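Content type PDB, C-alpha atoms and all ligand atoms, from the file run.pdb:
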MODEL        1
ATOM      1  CA  MET A   1      33.338   4.665  -0.382  1.00  0.00           C
ATOM      2  CA  GLU A   2      32.187   2.325   2.400  1.00  0.00           C
ATOM      3  CA  ALA A   3      29.426  -0.063   1.324  1.00  0.00           C
ATOM      4  CA  THR A   4      26.156   0.479   3.162  1.00  0.00           C
ATOM      5  CA  LEU A   5      25.512  -3.237   3.097  1.00  0.00           C
ATOM      6  CA  THR A   6      27.561  -6.318   2.306  1.00  0.00           C
ATOM      7  CA  ALA A   7      26.450  -9.922   2.430  1.00  0.00           C
ATOM      8  CA  CYS A   8      28.985 -12.697   1.736  1.00  0.00           C
ATOM      9  CA  ASP A   9      28.376 -16.386   1.257  1.00  0.00           C
ATOM     10  CA  VAL A  10      25.138 -16.294   3.236  1.00  0.00           C
ATOM     11  CA  ARG A  11      23.398 -19.508   4.127  1.00  0.00           C
ATOM     12  CA  VAL A  12      19.999 -19.644   5.797  1.00  0.00           C
ATOM     13  CA  ASP A  13      18.303 -22.891   6.795  1.00  0.00           C
ATOM     14  CA  LEU A  14      14.579 -23.062   7.405  1.00  0.00           C
ATOM     15  CA  GLY A  15      12.680 -26.179   8.379  1.00  0.00           C
ATOM     16  CA  GLY A  16      15.977 -28.093   8.342  1.00  0.00           C
ATOM     17  CA  GLN A  17      16.790 -27.250   4.720  1.00  0.00           C
ATOM     18  CA  ALA A  18      18.921 -24.595   3.026  1.00  0.00           C
ATOM     19  CA  VAL A  19      16.819 -21.726   1.660  1.00  0.00           C
ATOM     20  CA  LEU A  20      19.811 -19.506   0.834  1.00  0.00           C
ATOM     21  CA  ARG A  21      23.228 -20.893   0.007  1.00  0.00           C
ATOM     22  CA  GLY A  22      26.345 -18.923  -0.973  1.00  0.00           C
ATOM     23  CA  VAL A  23      24.431 -15.683  -1.483  1.00  0.00           C
ATOM     24  CA  GLY A  24      26.386 -12.448  -1.816  1.00  0.00           C
ATOM     25  CA  LEU A  25      25.227  -8.882  -2.316  1.00  0.00           C
ATOM     26  CA  THR A  26      26.503  -5.359  -1.800  1.00  0.00           C
ATOM     27  CA  ALA A  27      24.825  -1.964  -1.914  1.00  0.00           C
ATOM     28  CA  GLY A  28      26.503   1.380  -1.520  1.00  0.00           C
ATOM     29  CA  PRO A  29      25.283   4.942  -1.029  1.00  0.00           C
ATOM     30  CA  GLY A  30      23.280   6.058  -4.046  1.00  0.00           C
ATOM     31  CA  GLU A  31      22.690   2.527  -5.273  1.00  0.00           C
ATOM     32  CA  ILE A  32      19.465   0.616  -5.883  1.00  0.00           C
ATOM     33  CA  VAL A  33      19.672  -3.182  -5.984  1.00  0.00           C
ATOM     34  CA  ALA A  34      16.739  -5.305  -7.133  1.00  0.00           C
ATOM     35  CA  VAL A  35      16.738  -8.922  -5.949  1.00  0.00           C
ATOM     36  CA  ILE A  36      14.811 -10.997  -8.448  1.00  0.00           C
ATOM     37  CA  GLY A  37      13.995 -14.694  -8.813  1.00  0.00           C
ATOM     38  CA  GLU A  38      11.112 -17.100  -9.042  1.00  0.00           C
ATOM     39  CA  ASN A  39       8.601 -17.741  -6.247  1.00  0.00           C
ATOM     40  CA  GLY A  40      10.404 -19.504  -3.426  1.00  0.00           C
ATOM     41  CA  ALA A  41      13.894 -18.444  -4.575  1.00  0.00           C
ATOM     42  CA  GLY A  42      14.482 -16.889  -1.149  1.00  0.00           C
ATOM     43  CA  LYS A  43      14.080 -13.155  -1.800  1.00  0.00           C
ATOM     44  CA  SER A  44      11.995 -12.447   1.313  1.00  0.00           C
ATOM     45  CA  THR A  45      14.284 -14.632   3.394  1.00  0.00           C
ATOM     46  CA  LEU A  46      17.290 -12.638   2.168  1.00  0.00           C
ATOM     47  CA  LEU A  47      15.553  -9.339   2.971  1.00  0.00           C
ATOM     48  CA  ARG A  48      14.746 -10.628   6.465  1.00  0.00           C
ATOM     49  CA  CYS A  49      18.357 -11.649   6.858  1.00  0.00           C
ATOM     50  CA  LEU A  50      19.580  -8.186   5.829  1.00  0.00           C
ATOM     51  CA  ALA A  51      17.126  -6.714   8.349  1.00  0.00           C
ATOM     52  CA  GLY A  52      18.501  -8.912  11.144  1.00  0.00           C
ATOM     53  CA  LEU A  53      15.220 -10.800  11.473  1.00  0.00           C
ATOM     54  CA  GLU A  54      16.752 -14.072  10.286  1.00  0.00           C
ATOM     55  CA  ILE A  55      20.185 -15.186  11.488  1.00  0.00           C
ATOM     56  CA  PRO A  56      22.396 -16.780   8.819  1.00  0.00           C
ATOM     57  CA  ALA A  57      23.715 -20.254   9.617  1.00  0.00           C
ATOM     58  CA  ASP A  58      26.844 -19.337   7.692  1.00  0.00           C
ATOM     59  CA  GLY A  59      28.388 -16.351   5.959  1.00  0.00           C
ATOM     60  CA  ARG A  60      28.412 -12.713   6.975  1.00  0.00           C
ATOM     61  CA  VAL A  61      26.092  -9.721   6.700  1.00  0.00           C
ATOM     62  CA  LEU A  62      27.253  -6.213   7.569  1.00  0.00           C
ATOM     63  CA  VAL A  63      25.024  -3.131   7.554  1.00  0.00           C
ATOM     64  CA  LEU A  64      26.993   0.083   8.029  1.00  0.00           C
ATOM     65  CA  GLY A  65      29.902  -2.005   9.270  1.00  0.00           C
ATOM     66  CA  GLU A  66      27.980  -4.030  11.874  1.00  0.00           C
ATOM     67  CA  PRO A  67      25.995  -7.253  11.794  1.00  0.00           C
ATOM     68  CA  PRO A  68      22.281  -6.381  11.635  1.00  0.00           C
ATOM     69  CA  ALA A  69      20.614  -6.496  15.029  1.00  0.00           C
ATOM     70  CA  ASP A  70      17.069  -5.832  16.150  1.00  0.00           C
ATOM     71  CA  THR A  71      18.128  -2.755  18.128  1.00  0.00           C
ATOM     72  CA  ALA A  72      17.044   0.887  18.235  1.00  0.00           C
ATOM     73  CA  GLY A  73      20.418   1.931  16.769  1.00  0.00           C
ATOM     74  CA  PHE A  74      20.003  -0.374  13.775  1.00  0.00           C
ATOM     75  CA  TRP A  75      16.427   0.753  13.066  1.00  0.00           C
ATOM     76  CA  ARG A  76      17.517   4.402  13.214  1.00  0.00           C
ATOM     77  CA  GLU A  77      19.488   3.796  10.006  1.00  0.00           C
ATOM     78  CA  VAL A  78      17.331   1.172   8.302  1.00  0.00           C
ATOM     79  CA  ALA A  79      13.739   1.529   7.094  1.00  0.00           C
ATOM     80  CA  LEU A  80      11.868  -1.651   6.171  1.00  0.00           C
ATOM     81  CA  ALA A  81       8.630  -2.137   4.257  1.00  0.00           C
ATOM     82  CA  GLY A  82       7.710  -5.791   4.045  1.00  0.00           C
ATOM     83  CA  ASP A  83       4.588  -7.494   5.299  1.00  0.00           C
ATOM     84  CA  GLU A  84       1.716  -5.137   6.052  1.00  0.00           C
ATOM     85  CA  PRO A  85       2.309  -3.544   9.458  1.00  0.00           C
ATOM     86  CA  ALA A  86      -0.117  -3.714  12.365  1.00  0.00           C
ATOM     87  CA  TRP A  87      -2.117  -0.481  12.227  1.00  0.00           C
ATOM     88  CA  TYR A  88      -2.889   1.350  15.460  1.00  0.00           C
ATOM     89  CA  PRO A  89      -6.587   1.456  16.363  1.00  0.00           C
ATOM     90  CA  GLY A  90      -7.945   4.993  16.158  1.00  0.00           C
ATOM     91  CA  LEU A  91      -5.022   6.547  14.266  1.00  0.00           C
ATOM     92  CA  SER A  92      -5.603   7.974  10.807  1.00  0.00           C
ATOM     93  CA  VAL A  93      -3.262   7.681   7.832  1.00  0.00           C
ATOM     94  CA  ARG A  94      -1.845  11.148   8.613  1.00  0.00           C
ATOM     95  CA  GLU A  95      -1.380  10.249  12.289  1.00  0.00           C
ATOM     96  CA  HIS A  96       0.458   7.020  11.424  1.00  0.00           C
ATOM     97  CA  LEU A  97       2.909   9.018   9.325  1.00  0.00           C
ATOM     98  CA  GLU A  98       3.232  11.673  12.030  1.00  0.00           C
ATOM     99  CA  LEU A  99       3.896   8.952  14.611  1.00  0.00           C
ATOM    100  CA  VAL A 100       6.755   7.509  12.546  1.00  0.00           C
ATOM    101  CA  ALA A 101       8.194  10.970  11.846  1.00  0.00           C
ATOM    102  CA  THR A 102       7.971  11.942  15.528  1.00  0.00           C
ATOM    103  CA  VAL A 103       9.561   8.770  16.869  1.00  0.00           C
ATOM    104  CA  HIS A 104      12.392   8.654  14.328  1.00  0.00           C
ATOM    105  CA  GLY A 105      12.813  12.395  13.836  1.00  0.00           C
ATOM    106  CA  GLY A 106      11.894  14.254  10.684  1.00  0.00           C
ATOM    107  CA  GLY A 107      12.974  12.563   7.492  1.00  0.00           C
ATOM    108  CA  ARG A 108      13.344  13.127   3.833  1.00  0.00           C
ATOM    109  CA  MET A 109       9.793  14.457   3.482  1.00  0.00           C
ATOM    110  CA  ASP A 110       7.411  16.067   5.903  1.00  0.00           C
ATOM    111  CA  THR A 111       4.113  14.254   6.321  1.00  0.00           C
ATOM    112  CA  GLY A 112       2.187  16.754   4.176  1.00  0.00           C
ATOM    113  CA  THR A 113       4.619  16.282   1.295  1.00  0.00           C
ATOM    114  CA  ALA A 114       4.433  12.513   1.720  1.00  0.00           C
ATOM    115  CA  LEU A 115       0.618  12.532   1.636  1.00  0.00           C
ATOM    116  CA  THR A 116       0.825  14.407  -1.662  1.00  0.00           C
ATOM    117  CA  ALA A 117       3.668  12.317  -3.117  1.00  0.00           C
ATOM    118  CA  PHE A 118       1.832   9.093  -2.278  1.00  0.00           C
ATOM    119  CA  ASP A 119      -1.523  10.425  -3.469  1.00  0.00           C
ATOM    120  CA  LEU A 120      -3.091   9.997  -0.040  1.00  0.00           C
ATOM    121  CA  GLU A 121      -4.396  13.520   0.656  1.00  0.00           C
ATOM    122  CA  GLY A 122      -8.009  12.445   0.164  1.00  0.00           C
ATOM    123  CA  ARG A 123      -7.488   9.519   2.563  1.00  0.00           C
ATOM    124  CA  ALA A 124      -5.418  11.288   5.216  1.00  0.00           C
ATOM    125  CA  ASP A 125      -8.118  11.341   7.894  1.00  0.00           C
ATOM    126  CA  LEU A 126      -9.236   7.735   7.435  1.00  0.00           C
ATOM    127  CA  HIS A 127      -7.978   4.665   9.261  1.00  0.00           C
ATOM    128  CA  PRO A 128      -5.633   2.610   7.029  1.00  0.00           C
ATOM    129  CA  LEU A 129      -7.878  -0.463   7.262  1.00  0.00           C
ATOM    130  CA  THR A 130     -10.612   1.441   5.429  1.00  0.00           C
ATOM    131  CA  LEU A 131      -8.277   1.932   2.425  1.00  0.00           C
ATOM    132  CA  SER A 132      -7.735  -0.333  -0.571  1.00  0.00           C
ATOM    133  CA  THR A 133      -4.785  -2.758  -0.668  1.00  0.00           C
ATOM    134  CA  GLY A 134      -2.744  -0.498  -2.933  1.00  0.00           C
ATOM    135  CA  GLN A 135      -3.561   2.587  -0.865  1.00  0.00           C
ATOM    136  CA  ARG A 136      -2.439   0.787   2.305  1.00  0.00           C
ATOM    137  CA  GLN A 137       0.777  -0.227   0.554  1.00  0.00           C
ATOM    138  CA  ARG A 138       1.335   3.441  -0.280  1.00  0.00           C
ATOM    139  CA  VAL A 139       0.946   4.318   3.425  1.00  0.00           C
ATOM    140  CA  SER A 140       3.559   1.657   4.307  1.00  0.00           C
ATOM    141  CA  LEU A 141       5.966   3.035   1.705  1.00  0.00           C
ATOM    142  CA  ALA A 142       5.322   6.655   2.731  1.00  0.00           C
ATOM    143  CA  ALA A 143       6.190   5.692   6.315  1.00  0.00           C
ATOM    144  CA  THR A 144       9.693   4.709   5.167  1.00  0.00           C
ATOM    145  CA  LEU A 145      10.334   8.170   3.696  1.00  0.00           C
ATOM    146  CA  VAL A 146       8.979  10.439   6.442  1.00  0.00           C
ATOM    147  CA  ARG A 147      11.856   9.308   8.666  1.00  0.00           C
ATOM    148  CA  PRO A 148      15.610   9.445   8.214  1.00  0.00           C
ATOM    149  CA  SER A 149      17.453   6.327   7.037  1.00  0.00           C
ATOM    150  CA  ARG A 150      20.517   5.301   5.095  1.00  0.00           C
ATOM    151  CA  LEU A 151      19.199   1.954   3.903  1.00  0.00           C
ATOM    152  CA  LEU A 152      15.767   1.127   2.575  1.00  0.00           C
ATOM    153  CA  LEU A 153      14.756  -2.557   2.529  1.00  0.00           C
ATOM    154  CA  LEU A 154      11.603  -3.185   0.489  1.00  0.00           C
ATOM    155  CA  ASP A 155       9.939  -6.560  -0.018  1.00  0.00           C
ATOM    156  CA  GLU A 156       7.834  -6.448  -3.200  1.00  0.00           C
ATOM    157  CA  PRO A 157       7.106  -2.708  -2.957  1.00  0.00           C
ATOM    158  CA  GLU A 158       5.004  -3.010  -6.116  1.00  0.00           C
ATOM    159  CA  ARG A 159       2.403  -5.141  -4.287  1.00  0.00           C
ATOM    160  CA  GLY A 160      -1.050  -3.769  -5.040  1.00  0.00           C
ATOM    161  CA  LEU A 161       0.198  -0.643  -6.824  1.00  0.00           C
ATOM    162  CA  ASP A 162      -1.268   0.468 -10.132  1.00  0.00           C
ATOM    163  CA  ALA A 163       0.999   1.157 -13.118  1.00  0.00           C
ATOM    164  CA  ALA A 164       0.973   4.936 -12.714  1.00  0.00           C
ATOM    165  CA  PHE A 165       1.958   4.748  -9.082  1.00  0.00           C
ATOM    166  CA  ARG A 166       4.741   2.249  -9.836  1.00  0.00           C
ATOM    167  CA  ASP A 167       6.267   4.915 -12.096  1.00  0.00           C
ATOM    168  CA  ARG A 168       5.994   7.453  -9.301  1.00  0.00           C
ATOM    169  CA  LEU A 169       7.581   4.984  -6.873  1.00  0.00           C
ATOM    170  CA  ALA A 170      10.530   4.592  -9.246  1.00  0.00           C
ATOM    171  CA  ASP A 171      11.015   8.382  -9.162  1.00  0.00           C
ATOM    172  CA  LEU A 172      10.801   8.449  -5.348  1.00  0.00           C
ATOM    173  CA  LEU A 173      13.345   5.648  -4.982  1.00  0.00           C
ATOM    174  CA  ARG A 174      15.722   7.294  -7.452  1.00  0.00           C
ATOM    175  CA  GLU A 175      15.447  10.508  -5.465  1.00  0.00           C
ATOM    176  CA  TYR A 176      16.206   8.620  -2.228  1.00  0.00           C
ATOM    177  CA  ALA A 177      19.310   7.140  -3.845  1.00  0.00           C
ATOM    178  CA  THR A 178      20.372  10.470  -5.341  1.00  0.00           C
ATOM    179  CA  ARG A 179      20.481  11.856  -1.816  1.00  0.00           C
ATOM    180  CA  GLY A 180      22.924   9.106  -0.793  1.00  0.00           C
ATOM    181  CA  GLY A 181      20.569   6.370   0.445  1.00  0.00           C
ATOM    182  CA  ALA A 182      20.949   2.726  -0.545  1.00  0.00           C
ATOM    183  CA  VAL A 183      17.918   0.654  -1.556  1.00  0.00           C
ATOM    184  CA  VAL A 184      17.615  -3.136  -1.643  1.00  0.00           C
ATOM    185  CA  MET A 185      14.277  -4.426  -2.866  1.00  0.00           C
ATOM    186  CA  ALA A 186      12.917  -7.858  -3.653  1.00  0.00           C
ATOM    187  CA  THR A 187      10.686  -7.559  -6.674  1.00  0.00           C
ATOM    188  CA  HIS A 188       8.890  -9.381  -9.469  1.00  0.00           C
ATOM    189  CA  ASP A 189       8.515  -6.110 -11.381  1.00  0.00           C
ATOM    190  CA  LEU A 190      11.385  -5.819 -13.845  1.00  0.00           C
ATOM    191  CA  ALA A 191       9.899  -2.628 -15.291  1.00  0.00           C
ATOM    192  CA  LEU A 192      10.036  -1.019 -11.841  1.00  0.00           C
ATOM    193  CA  ALA A 193      13.638  -2.201 -11.386  1.00  0.00           C
ATOM    194  CA  GLU A 194      14.584  -0.786 -14.773  1.00  0.00           C
ATOM    195  CA  ALA A 195      12.771   2.511 -14.156  1.00  0.00           C
ATOM    196  CA  CYS A 196      14.779   2.877 -10.930  1.00  0.00           C
ATOM    197  CA  GLY A 197      18.048   2.119 -12.687  1.00  0.00           C
ATOM    198  CA  ALA A 198      18.471  -0.798 -10.283  1.00  0.00           C
ATOM    199  CA  ARG A 199      21.287  -3.327 -10.458  1.00  0.00           C
ATOM    200  CA  LEU A 200      19.739  -6.787 -10.709  1.00  0.00           C
ATOM    201  CA  VAL A 201      20.787  -9.653  -8.443  1.00  0.00           C
ATOM    202  CA  ARG A 202      19.152 -12.938  -9.403  1.00  0.00           C
ATOM    203  CA  LEU A 203      18.536 -15.569  -6.730  1.00  0.00           C
ATOM    204  CA  GLU A 204      18.197 -19.236  -7.636  1.00  0.00           C
ATOM    205  CA  ALA A 205      16.318 -21.567  -5.296  1.00  0.00           C
ATOM    206  CA  ALA A 206      18.820 -23.417  -3.082  1.00  0.00           C
ATOM    207  CA  ARG A 207      16.773 -26.634  -3.139  1.00  0.00           C
TER     208      ARG A 207
HETATM  209  N1  LIG B 301       9.321 -20.661   8.152  1.00  0.00           N
HETATM  210  C1  LIG B 301       9.705 -21.432   7.128  1.00  0.00           C
HETATM  211  N2  LIG B 301       9.965 -22.755   7.317  1.00  0.00           N
HETATM  212  C2  LIG B 301      10.369 -23.552   6.308  1.00  0.00           C
HETATM  213  N3  LIG B 301      10.544 -23.110   5.042  1.00  0.00           N
HETATM  214  C3  LIG B 301      10.296 -21.812   4.798  1.00  0.00           C
HETATM  215  C4  LIG B 301       9.856 -20.916   5.819  1.00  0.00           C
HETATM  216  N4  LIG B 301       9.718 -19.686   5.262  1.00  0.00           N
HETATM  217  C5  LIG B 301      10.022 -19.806   3.965  1.00  0.00           C
HETATM  218  N5  LIG B 301      10.370 -21.090   3.677  1.00  0.00           N
HETATM  219  C6  LIG B 301      10.769 -21.619   2.368  1.00  0.00           C
HETATM  220  O1  LIG B 301      11.886 -20.868   1.948  1.00  0.00           O
HETATM  221  C7  LIG B 301      11.839 -20.721   0.526  1.00  0.00           C
HETATM  222  C8  LIG B 301      12.035 -19.253   0.192  1.00  0.00           C
HETATM  223  O2  LIG B 301      10.903 -18.503   0.619  1.00  0.00           O
HETATM  224  P1  LIG B 301      10.841 -16.928   0.394  1.00  0.00           P
HETATM  225  O3  LIG B 301       9.545 -16.460   0.934  1.00  0.00           O
HETATM  226  O4  LIG B 301      12.095 -16.318   0.892  1.00  0.00           O
HETATM  227  O5  LIG B 301      10.852 -16.862  -1.216  1.00  0.00           O
HETATM  228  P2  LIG B 301      10.567 -15.633  -2.194  1.00  0.00           P
HETATM  229  O6  LIG B 301      11.656 -15.659  -3.220  1.00  0.00           O
HETATM  230  O7  LIG B 301      10.436 -14.380  -1.398  1.00  0.00           O
HETATM  231  O8  LIG B 301       9.197 -16.038  -2.843  1.00  0.00           O
HETATM  232  P3  LIG B 301       7.981 -15.172  -3.475  1.00  0.00           P
HETATM  233  O9  LIG B 301       8.456 -14.686  -4.818  1.00  0.00           O
HETATM  234  O10 LIG B 301       6.883 -16.185  -3.591  1.00  0.00           O
HETATM  235  O11 LIG B 301       7.659 -14.082  -2.495  1.00  0.00           O
HETATM  236  C9  LIG B 301      10.529 -21.304   0.049  1.00  0.00           C
HETATM  237  O12 LIG B 301      10.783 -22.585  -0.500  1.00  0.00           O
HETATM  238  C10 LIG B 301       9.718 -21.422   1.323  1.00  0.00           C
HETATM  239  O13 LIG B 301       8.861 -22.536   1.275  1.00  0.00           O
ENDMDL
END

Could you quickly redo this structure as structure tokens?
Ligand SMILES: Nc1ncnc2c1ncn2[C@@H]1O[C@H](COP(=O)(O)OP(=O)(O)OP(=O)(O)O)[C@@H](O)[C@H]1O
Amino acid sequence: MEATLTACDVRVDLGGQAVLRGVGLTAGPGEIVAVIGENGAGKSTLLRCLAGLEIPADGRVLVLGEPPADTAGFWREVALAGDEPAWYPGLSVREHLELVATVHGGGRMDTGTALTAFDLEGRADLHPLTLSTGQRQRVSLAATLVRPSRLLLLDEPERGLDAAFRDRLADLLREYATRGGAVVMATHDLALAEACGARLVRLEAAR
């Protein structure tokens, strides 16, 4: 089966120094990969590289057979949850999810199901900035599942989430993979990685 994502011998330089050197990674349909490593090991940089937001100085990244590019075609297949997104003034939690689902076309869950799955029903009519950190993180994660995708890139999805919701997230990610999606996440939460059945890829700082 064709890999959803392959990265070979990737090098990324930032500020004139190598941040990633000789990094390789693959993820196929139905697979969850957890990138782990200490602070500064380069996990976020690798995720950005896989998302086409950082260009490797050396090596090769292919997503669905093509180098990642910041194009509409690429983002049709790839859903990313990293830094907190910019929230639209005047749009509620429900409307943010509806916006994503409308623009990308209906996804794995309708917005009502997502509001329930992410425990956001009681917050659906509020603006995201009036929610707690963990609740806002749940909106960001829900937005990745109300749209179609074949690859989910998550940078520290556990950020701000309580223990019970981390368990639920593991179930949601397993379900995404069971339906043929590939997940690559950078995480410090080994329990989450284990609960997902993720394959671990450890990064060591390049400097
Ligand atoms: N714009 C930049 N310019 C120079 N160096 C950078 C830049 N961004 C990141 N770095 C450096 O790259 C290294 C990797 O950073 P990165 O954020 O990828 O690590 P991380 O593994 O995600 O860390 P954490 O676990 O703290 O989130 C760090 O040493 C960081 O200082």

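Using only C-alpha atoms for every distance, the candidate list A:Glu175, A:Asp110, A:Asp167, A:Glu156 yields A:Glu156 as the residue closest to Gly37 in chain A.
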
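This file, queried with the PyMOL selection byres (((chain A and resi 81) around 6) and not hetatm), gives the residues Leu80, Gly82 and Leu154 of chain A.
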
Generate the output file for the selected residues, C-alpha atoms, as a PDB file, in the frame of the given file.
ATOM      1  CA  LEU A  80      11.868  -1.651   6.171  1.00  0.00           C
ATOM      2  CA  GLY A  82       7.710  -5.791   4.045  1.00  0.00           C
ATOM      3  CA  LEU A 154      11.603  -3.185   0.489  1.00  0.00           C
TER       4      LEU A 154
END

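The gap separating CA of Gly122 in chain A from CA of Leu152 in chain A is 26.4 Å, in Å to one decimal.
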
Test item: residues at most 8 Å from range 15-26 of chain A, all atoms listed in the file, excluding those fewer than 6 positions along its chain, as a PyMOL selection string: chain A and resi 3-9+41-42+45-46+59+201+203+205-207

Can you tell me, as a compact mmCIF listing (two decimals) with C-alpha atoms, keeping the file's coordinate frame, what residues are no more than 12 Å from Val103 in chain A when counting all atoms listed in the file, ignoring any on the same chain fewer than 6 positions away?
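Final output, saved to out30.txt:
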# COMPACT_ATOMS: atom_id res chain seq x y z
CA ALA A 72 17.04 0.89 18.24
CA TRP A 75 16.43 0.75 13.07
CA ARG A 76 17.52 4.40 13.21
CA GLU A 95 -1.38 10.25 12.29
CA HIS A 96 0.46 7.02 11.42
CA LEU A 97 2.91 9.02 9.32
CA ALA A 143 6.19 5.69 6.32
CA VAL A 146 8.98 10.44 6.44
CA ARG A 147 11.86 9.31 8.67
CA PRO A 148 15.61 9.44 8.21

Find the residues around range 125-140 of chain A up to 8 Å (all atoms listed in the file counted), leave out those fewer than 4 positions away in its own chain, and share them as a JSON list (two decimals) with C-alpha atoms, in the frame of the given file.
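Final output, result-v6.json:
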[["chain", "number", "residue", "atom", "x", "y", "z"],
["A", 81, "ALA", "CA", 8.63, -2.14, 4.26],
["A", 84, "GLU", "CA", 1.72, -5.14, 6.05],
["A", 85, "PRO", "CA", 2.31, -3.54, 9.46],
["A", 87, "TRP", "CA", -2.12, -0.48, 12.23],
["A", 89, "PRO", "CA", -6.59, 1.46, 16.36],
["A", 90, "GLY", "CA", -7.94, 4.99, 16.16],
["A", 91, "LEU", "CA", -5.02, 6.55, 14.27],
["A", 92, "SER", "CA", -5.60, 7.97, 10.81],
["A", 93, "VAL", "CA", -3.26, 7.68, 7.83],
["A", 94, "ARG", "CA", -1.84, 11.15, 8.61],
["A", 97, "LEU", "CA", 2.91, 9.02, 9.32],
["A", 118, "PHE", "CA", 1.83, 9.09, -2.28],
["A", 120, "LEU", "CA", -3.09, 10.00, -0.04],
["A", 144, "THR", "CA", 9.69, 4.71, 5.17],
["A", 157, "PRO", "CA", 7.11, -2.71, -2.96],
["A", 159, "ARG", "CA", 2.40, -5.14, -4.29],
["A", 160, "GLY", "CA", -1.05, -3.77, -5.04],
["A", 161, "LEU", "CA", 0.20, -0.64, -6.82],
["A", 162, "ASP", "CA", -1.27, 0.47, -10.13]]

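Using only C-alpha atoms and all ligand atoms for every distance, the candidate list A:Leu141, A:Ala164, A:Val12, A:Leu64 yields A:Val12 as the residue closest to ligand LIG 301 (chain B).
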
Point (13.9, -10.1, -9.3), cut-off 10 Å, counting all atoms listed in the file, residues as a list in words: Val33, Ala34, Val35, Ile36, Gly37, Glu38, Asn39, Ala41, Lys43, Glu156, Met185, Ala186, Thr187, His188, Asp189, Leu190, Ala193, Leu200, Val201, Arg202 and Leu203 of chain A

Given 3 Å on each side, where is the centre and what are the edge lengths in Å to one decimal of the axis-aligned box enclosing the listed atoms of range 72-81 of chain A, as AutoDock Vina command-line options?
--center_x 14.5 --center_y 1.1 --center_z 11.2 --size_x 17.8 --size_y 12.5 --size_z 20.0

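In this structure, CA of Ala182 in chain A sits 12.1 Å away from CA of Cys196 in chain A.
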
Computed interatomic separation between CA of Glu2 in chain A and CA of Gly28 in chain A (Å): 7.0 Å

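Nearest residue to ligand LIG 301 (chain B), choosing from A:Ala198, A:Leu62, A:Asp83, A:Ala27 and counting only C-alpha atoms and all ligand atoms: A:Asp83.
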
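Here the question is which of A:Asp119, A:Glu31, A:Cys49, A:Ser44 gets nearest to Arg168 in chain A using all atoms listed in the file, and that residue is A:Asp119.
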
The PyMOL selection byres (((chain A and resi 51) around 10) and not hetatm) resolved against shown file, as an mmCIF file with C-alpha atoms, keeping the file's coordinate frame:
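As written to disk, selection_30.cif reads:
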data_model
loop_
_atom_site.group_PDB
_atom_site.id
_atom_site.type_symbol
_atom_site.label_atom_id
_atom_site.label_comp_id
_atom_site.auth_asym_id
_atom_site.auth_seq_id
_atom_site.Cartn_x
_atom_site.Cartn_y
_atom_site.Cartn_z
ATOM 1 C CA THR A 45 14.284 -14.632 3.394
ATOM 2 C CA LEU A 46 17.290 -12.638 2.168
ATOM 3 C CA LEU A 47 15.553 -9.339 2.971
ATOM 4 C CA ARG A 48 14.746 -10.628 6.465
ATOM 5 C CA CYS A 49 18.357 -11.649 6.858
ATOM 6 C CA LEU A 50 19.580 -8.186 5.829
ATOM 7 C CA GLY A 52 18.501 -8.912 11.144
ATOM 8 C CA LEU A 53 15.220 -10.800 11.473
ATOM 9 C CA GLU A 54 16.752 -14.072 10.286
ATOM 10 C CA ILE A 55 20.185 -15.186 11.488
ATOM 11 C CA VAL A 61 26.092 -9.721 6.700
ATOM 12 C CA VAL A 63 25.024 -3.131 7.554
ATOM 13 C CA PRO A 67 25.995 -7.253 11.794
ATOM 14 C CA PRO A 68 22.281 -6.381 11.635
ATOM 15 C CA ALA A 69 20.614 -6.496 15.029
ATOM 16 C CA ASP A 70 17.069 -5.832 16.150
ATOM 17 C CA PHE A 74 20.003 -0.374 13.775
ATOM 18 C CA TRP A 75 16.427 0.753 13.066
ATOM 19 C CA VAL A 78 17.331 1.172 8.302
ATOM 20 C CA ALA A 79 13.739 1.529 7.094
ATOM 21 C CA LEU A 80 11.868 -1.651 6.171
ATOM 22 C CA LEU A 151 19.199 1.954 3.903
ATOM 23 C CA LEU A 152 15.767 1.127 2.575
ATOM 24 C CA LEU A 153 14.756 -2.557 2.529
#

Pick from A:Asp58, A:Glu66, A:Glu194, A:Glu158, whichever lies nearest to ligand LIG 301 (chain B) using all atoms listed in the file: A:Glu158

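Closest approach to ligand LIG 301 (chain B) among A:Ala101, A:Asp155, A:Leu169, A:Tyr88: A:Asp155, based on only C-alpha atoms and all ligand atoms.
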